>>> print(open('start01.csv').read())   # CSV, C-alpha atoms
chain,number,residue,atom,x,y,z
K,1,MET,CA,6.9,-23.9,-11.9
K,2,ILE,CA,6.8,-22.6,-8.3
K,3,GLU,CA,5.1,-19.3,-7.5
K,4,GLU,CA,5.7,-17.3,-4.3
K,5,ILE,CA,4.3,-14.1,-3.0
K,6,VAL,CA,7.4,-12.0,-2.2
K,7,HIS,CA,8.3,-8.6,-0.7
K,8,PHE,CA,11.2,-6.3,-1.2
K,9,CYS,CA,12.0,-2.7,-0.3
K,10,SER,CA,12.1,0.5,-2.4
K,11,ASP,CA,12.9,3.8,-0.7
K,12,GLN,CA,12.1,2.1,2.6
K,13,LEU,CA,8.6,1.1,1.3
K,14,ARG,CA,7.6,-2.6,1.3
K,15,LEU,CA,6.5,-3.7,-2.1
K,16,GLU,CA,4.8,-6.9,-3.1
K,17,GLY,CA,5.4,-9.2,-6.0
K,18,VAL,CA,5.0,-12.7,-7.4
K,19,PHE,CA,8.2,-14.6,-8.1
K,20,ALA,CA,7.8,-17.6,-10.5
K,21,TYR,CA,10.7,-20.0,-10.9
K,22,ASN,CA,11.8,-23.6,-11.4
K,23,GLU,CA,14.5,-25.5,-9.6
K,24,ASP,CA,16.9,-25.3,-12.6
K,25,ALA,CA,18.9,-22.3,-13.6
K,26,SER,CA,16.9,-20.4,-16.2
K,27,PRO,CA,16.7,-17.0,-17.8
K,28,ALA,CA,14.4,-14.5,-16.1
K,29,ILE,CA,12.0,-11.7,-17.1
K,30,LEU,CA,11.1,-8.7,-15.0
K,31,LEU,CA,7.5,-7.8,-15.8
K,32,CYS,CA,6.6,-4.1,-15.6
K,33,SER,CA,2.9,-3.2,-15.3
K,34,PRO,CA,0.9,-0.3,-16.9
K,35,HIS,CA,0.1,2.9,-15.1
K,36,PRO,CA,-1.7,2.4,-11.7
K,37,ASN,CA,-4.5,4.8,-12.6
K,38,LEU,CA,-5.1,3.0,-15.9
K,39,GLY,CA,-5.6,-0.5,-14.5
K,40,GLY,CA,-1.9,-1.1,-13.9
K,41,ASP,CA,-1.1,-3.8,-11.4
K,42,MET,CA,0.6,-7.1,-11.5
K,43,GLU,CA,-2.7,-8.8,-12.3
K,44,ASN,CA,-3.1,-7.0,-15.6
K,45,ASN,CA,-4.1,-9.2,-18.5
K,46,ILE,CA,-0.8,-8.7,-20.5
K,47,ILE,CA,1.4,-9.1,-17.4
K,48,THR,CA,-0.3,-12.3,-16.1
K,49,SER,CA,-0.2,-13.8,-19.6
K,50,LEU,CA,3.5,-13.1,-19.8
K,51,ALA,CA,4.1,-14.7,-16.4
K,52,ARG,CA,2.2,-17.8,-17.4
K,53,VAL,CA,3.6,-18.2,-21.0
K,54,SER,CA,7.2,-17.4,-20.0
K,55,GLY,CA,7.0,-20.1,-17.3
K,56,GLU,CA,5.8,-22.6,-19.9
K,57,MET,CA,8.7,-21.6,-22.1
K,58,GLY,CA,11.3,-22.0,-19.4
K,59,PHE,CA,11.7,-18.6,-18.0
K,60,SER,CA,11.6,-17.4,-14.4
K,61,SER,CA,9.7,-14.2,-13.8
K,62,LEU,CA,8.9,-11.5,-11.3
K,63,ARG,CA,5.9,-9.3,-11.5
K,64,PHE,CA,5.2,-6.6,-8.9
K,65,ASN,CA,3.1,-3.7,-7.8
K,66,TYR,CA,4.4,-0.2,-7.7
K,67,ARG,CA,4.1,1.8,-4.5
K,68,GLY,CA,0.5,2.5,-3.4
K,69,VAL,CA,-0.8,-0.3,-5.6
K,70,GLY,CA,-2.4,-3.4,-4.1
K,71,SER,CA,-0.6,-4.2,-0.9
K,72,SER,CA,2.6,-2.3,-1.8
K,73,GLU,CA,3.2,0.5,0.7
K,74,CYS,CA,3.1,4.2,-0.1
K,75,HIS,CA,4.2,7.4,1.6
K,76,THR,CA,0.5,8.1,2.3
K,77,LYS,CA,-2.5,5.8,3.0
K,78,ASP,CA,-5.1,8.4,1.7
K,79,ILE,CA,-6.6,6.9,-1.4
K,80,ALA,CA,-7.3,10.3,-3.0
K,81,GLN,CA,-3.7,11.4,-2.4
K,82,ILE,CA,-2.4,8.2,-3.9
K,83,PHE,CA,-4.6,8.7,-7.0
K,84,GLN,CA,-3.4,12.3,-7.4
K,85,TYR,CA,0.2,11.2,-6.8
K,86,TRP,CA,0.0,8.8,-9.7
K,87,GLU,CA,-2.1,11.2,-11.8
K,88,ASP,CA,0.7,13.7,-11.7
K,89,THR,CA,3.1,11.2,-13.3
K,90,MET,CA,0.9,11.1,-16.4
K,91,SER,CA,1.3,14.7,-17.2
K,92,THR,CA,5.0,15.3,-16.2
K,93,GLU,CA,8.3,13.6,-16.4
K,94,ASN,CA,8.2,13.1,-12.6
K,95,TYR,CA,7.9,9.3,-12.5
K,96,LEU,CA,11.3,8.5,-11.0
K,97,ASP,CA,9.7,6.8,-8.0
K,98,ALA,CA,8.3,4.1,-10.3
K,99,VAL,CA,11.8,3.8,-11.8
K,100,ASN,CA,13.2,3.3,-8.3
K,101,ASP,CA,10.5,0.6,-7.7
K,102,THR,CA,11.5,-1.1,-10.9
K,103,ARG,CA,15.2,-0.9,-10.0
K,104,SER,CA,14.5,-2.5,-6.6
K,105,ALA,CA,12.4,-5.3,-8.3
K,106,LEU,CA,15.3,-6.0,-10.6
K,107,HIS,CA,17.8,-6.1,-7.8
K,108,PHE,CA,15.5,-8.5,-5.9
K,109,LEU,CA,15.2,-10.7,-9.0
K,110,ILE,CA,19.0,-10.8,-9.4
K,111,SER,CA,19.5,-11.6,-5.8
K,112,GLN,CA,17.2,-14.6,-6.1
K,113,LEU,CA,18.8,-16.0,-9.3
K,114,GLY,CA,22.4,-14.7,-9.3
K,115,MET,CA,24.0,-12.8,-12.1
K,116,ALA,CA,24.9,-15.9,-14.1
K,117,ASN,CA,21.3,-16.0,-15.4
K,118,LYS,CA,20.3,-13.9,-18.4
K,119,ILE,CA,17.9,-11.2,-17.3
K,120,PHE,CA,15.3,-9.6,-19.6
K,121,ILE,CA,12.7,-6.9,-19.0
K,122,ALA,CA,9.2,-6.7,-20.6
K,123,GLY,CA,7.0,-3.7,-20.0
K,124,TYR,CA,3.5,-2.8,-21.1
K,125,SER,CA,2.4,0.9,-21.6
K,126,PHE,CA,3.7,2.9,-18.7
K,127,GLY,CA,5.7,-0.2,-17.7
K,128,CYS,CA,7.6,0.1,-21.0
K,129,LEU,CA,8.8,3.5,-19.8
K,130,VAL,CA,10.2,2.5,-16.4
K,131,GLY,CA,11.3,-0.9,-17.7
K,132,MET,CA,13.3,0.5,-20.5
K,133,ARG,CA,15.0,3.2,-18.4
K,134,VAL,CA,16.2,0.5,-16.0
K,135,GLY,CA,17.1,-1.9,-18.8
K,136,VAL,CA,19.2,0.8,-20.5
K,137,GLU,CA,21.2,1.6,-17.4
K,138,ASN,CA,21.7,-1.8,-15.9
K,139,LYS,CA,24.5,-4.0,-17.3
K,140,ASN,CA,22.8,-7.2,-16.1
K,141,VAL,CA,19.9,-6.7,-18.5
K,142,THR,CA,20.5,-8.4,-21.8
K,143,ALA,CA,17.5,-7.1,-23.7
K,144,PHE,CA,14.0,-5.7,-23.3
K,145,ALA,CA,10.6,-5.8,-24.9
K,146,SER,CA,8.1,-3.0,-25.0
K,147,VAL,CA,4.3,-3.4,-25.6
K,148,SER,CA,2.4,-0.1,-26.5
K,149,THR,CA,5.4,2.2,-25.9
K,150,PRO,CA,4.1,5.7,-25.0
K,151,PHE,CA,5.7,7.4,-28.0
K,152,GLY,CA,4.8,11.1,-28.0
K,153,ARG,CA,3.7,11.2,-24.4
K,154,TYR,CA,7.1,10.9,-22.6
K,155,ASN,CA,10.6,11.9,-23.5
K,156,LEU,CA,12.4,8.7,-24.7
K,157,ASP,CA,15.8,10.3,-25.5
K,158,PHE,CA,17.4,7.8,-23.0
K,159,LEU,CA,17.0,5.2,-25.7
K,160,ARG,CA,19.2,7.1,-28.3
K,161,ARG,CA,22.4,5.5,-27.2
K,162,CYS,CA,21.1,2.1,-26.3
K,163,HIS,CA,22.6,-0.8,-28.3
K,164,LYS,CA,20.9,-3.6,-26.5
K,165,GLU,CA,18.4,-5.8,-28.4
K,166,LYS,CA,14.9,-4.2,-28.3
K,167,LEU,CA,11.5,-5.4,-29.4
K,168,PHE,CA,8.6,-3.1,-29.8
K,169,ILE,CA,5.0,-4.3,-30.2
K,170,TYR,CA,2.1,-2.0,-31.2
K,171,SER,CA,-1.4,-1.7,-32.5
K,172,ARG,CA,-2.8,0.9,-34.9
K,173,ASN,CA,-5.8,1.7,-32.6
K,174,ASP,CA,-3.9,2.7,-29.5
K,175,PHE,CA,-5.5,5.5,-27.5
K,176,ALA,CA,-2.1,6.4,-25.9
K,177,THR,CA,-0.3,7.1,-29.1
K,178,THR,CA,-0.6,7.1,-32.9
K,179,GLU,CA,0.9,4.9,-35.6
K,180,GLU,CA,2.7,7.9,-37.0
K,181,GLU,CA,4.3,8.7,-33.5
K,182,ILE,CA,5.2,5.0,-33.1
K,183,LEU,CA,7.0,4.7,-36.4
K,184,LYS,CA,8.7,8.0,-36.1
K,185,GLY,CA,9.9,7.2,-32.6
K,186,PHE,CA,11.1,3.8,-33.6
K,187,GLU,CA,13.1,5.2,-36.5
K,188,GLN,CA,15.1,7.4,-34.1
K,189,ILE,CA,16.1,4.4,-31.9
K,190,PRO,CA,19.4,2.8,-32.7
K,191,ALA,CA,19.8,-0.8,-33.7
K,192,PRO,CA,19.6,-3.6,-32.8
K,193,LYS,CA,15.8,-3.4,-32.8
K,194,SER,CA,12.7,-4.9,-34.2
K,195,ILE,CA,9.0,-4.0,-34.3
K,196,GLU,CA,5.8,-6.1,-34.5
K,197,LEU,CA,2.3,-4.9,-35.5
K,198,ILE,CA,-0.6,-6.7,-33.8
K,199,GLU,CA,-3.5,-6.5,-36.3
K,200,ASN,CA,-7.1,-5.9,-35.4
K,201,SER,CA,-6.4,-4.8,-31.9
K,202,ASP,CA,-6.1,-1.8,-29.6
K,203,HIS,CA,-4.2,-0.7,-26.5
K,204,PHE,CA,-5.6,-3.6,-24.4
K,205,TYR,CA,-5.0,-6.5,-26.8
K,206,ARG,CA,-7.9,-8.6,-25.5
K,207,LYS,CA,-7.7,-12.2,-26.6
K,208,GLN,CA,-4.3,-11.6,-28.1
K,209,GLU,CA,-2.3,-11.7,-24.8
K,210,ASP,CA,-0.8,-15.1,-25.4
K,211,LEU,CA,0.2,-14.2,-28.9
K,212,ILE,CA,2.1,-11.2,-27.6
K,213,SER,CA,3.6,-13.2,-24.8
K,214,LYS,CA,4.9,-15.9,-27.2
K,215,LYS,CA,6.4,-13.3,-29.5
K,216,ILE,CA,8.3,-11.7,-26.5
K,217,CYS,CA,9.5,-15.0,-25.1
K,218,ALA,CA,10.6,-16.2,-28.6
K,219,PHE,CA,12.5,-12.9,-29.1
K,220,PHE,CA,14.3,-13.4,-25.8
K,221,GLN,CA,15.1,-17.1,-26.5
K,222,ASN,CA,16.7,-16.1,-29.8
K,223,ILE,CA,19.2,-13.8,-28.1
K,224,SER,CA,22.6,-15.5,-27.7
>>> encode(input="start01.csv", output="structure tokens")
Amino acid sequence: MIEEIVHFCSDQLRLEGVFAYNEDASPAILLCSPHPNLGGDMENNIITSLARVSGEMGFSSLRFNYRGVGSSECHTKDIAQIFQYWEDTMSTENYLDAVNDTRSALHFLISQLGMANKIFIAGYSFGCLVGMRVGVENKNVTAFASVSTPFGRYNLDFLRRCHKEKLFIYSRNDFATTEEEILKGFEQIPAPKSIELIENSDHFYRKQEDLISKKICAFFQNIS
């Protein structure tokens, strides 16, 4: 597996990512990180596990930093303003810049591999939100997986008409949502869909990252 630091543009901002691939044609996964103000970057424990495990299981992948995170550019260089900018996305539905960043990352991934390859999206926490929005709207995305979906925090009505394959992974001790909200939200989403409970864990899934990554990659491998 070859790994390269890459750059691409989103709203005229230069974003950074890590593109992992082999020389043979392979399915690919776009990896979407958690919220920047909650430890969300492309070096997050779930995201890096997914990148490594997916490579071992024959997938290419792209993980990336949203604007203002790491070396990705932002509209301002003031650290306090960047923090507040991202803080505002946690209490409102105004997170479309992150959706645009995710769209741009997907377009970059497709440009590197071509549309003949199967493309999947896997998101964690806030990354579920932006990843699923892009996955729903883009015809090149075959299916997506969502770890710790923020049910009850954001409006997820955009999933109501989505008939792509969907995997949801959750824990009972997730500070971002409750099991009741998760199961209620899952019930309202149309098939095809599946859900997996990770026992004895919480929102961060410490020491269970590879288990989750293998479940996600196996899910994608089983999609014809």
>>> atom_distance(input="start01.csv", atom1="atom CA of K:Thr48", atom2="atom CA of K:Ile5")
14.0 Å
>>> residues_near_point(input="start01.csv", point="(20.3, 2.7, -18.8)", cutoff="10 Å", atoms="only C-alpha atoms", output="PyMOL selection string")
chain K and resi 131-139+141+158-159+161-162+164
>>> atom_distance(input="start01.csv", atom1="atom CA of K:Tyr95", atom2="atom CA of K:Phe8")
19.5 Å
>>> closest_residue(input="start01.csv", among="K:Arg14, K:Lys118, K:Lys184, K:His7", to="K:Cys74", atoms="all atoms listed in the file")
K:Arg14
>>> residues_around(input="start01.csv", residues="K:Gln112", least_positions_apart="5", cutoff="10 Å", atoms="all atoms listed in the file", output="ChimeraX atom specification")
/K:19,21,106-107
>>> closest_residue(input="start01.csv", among="K:Ser104, K:Asn117, K:Ser125, K:Ser54", to="K:Ser33", atoms="all atoms listed in the file")
K:Ser125
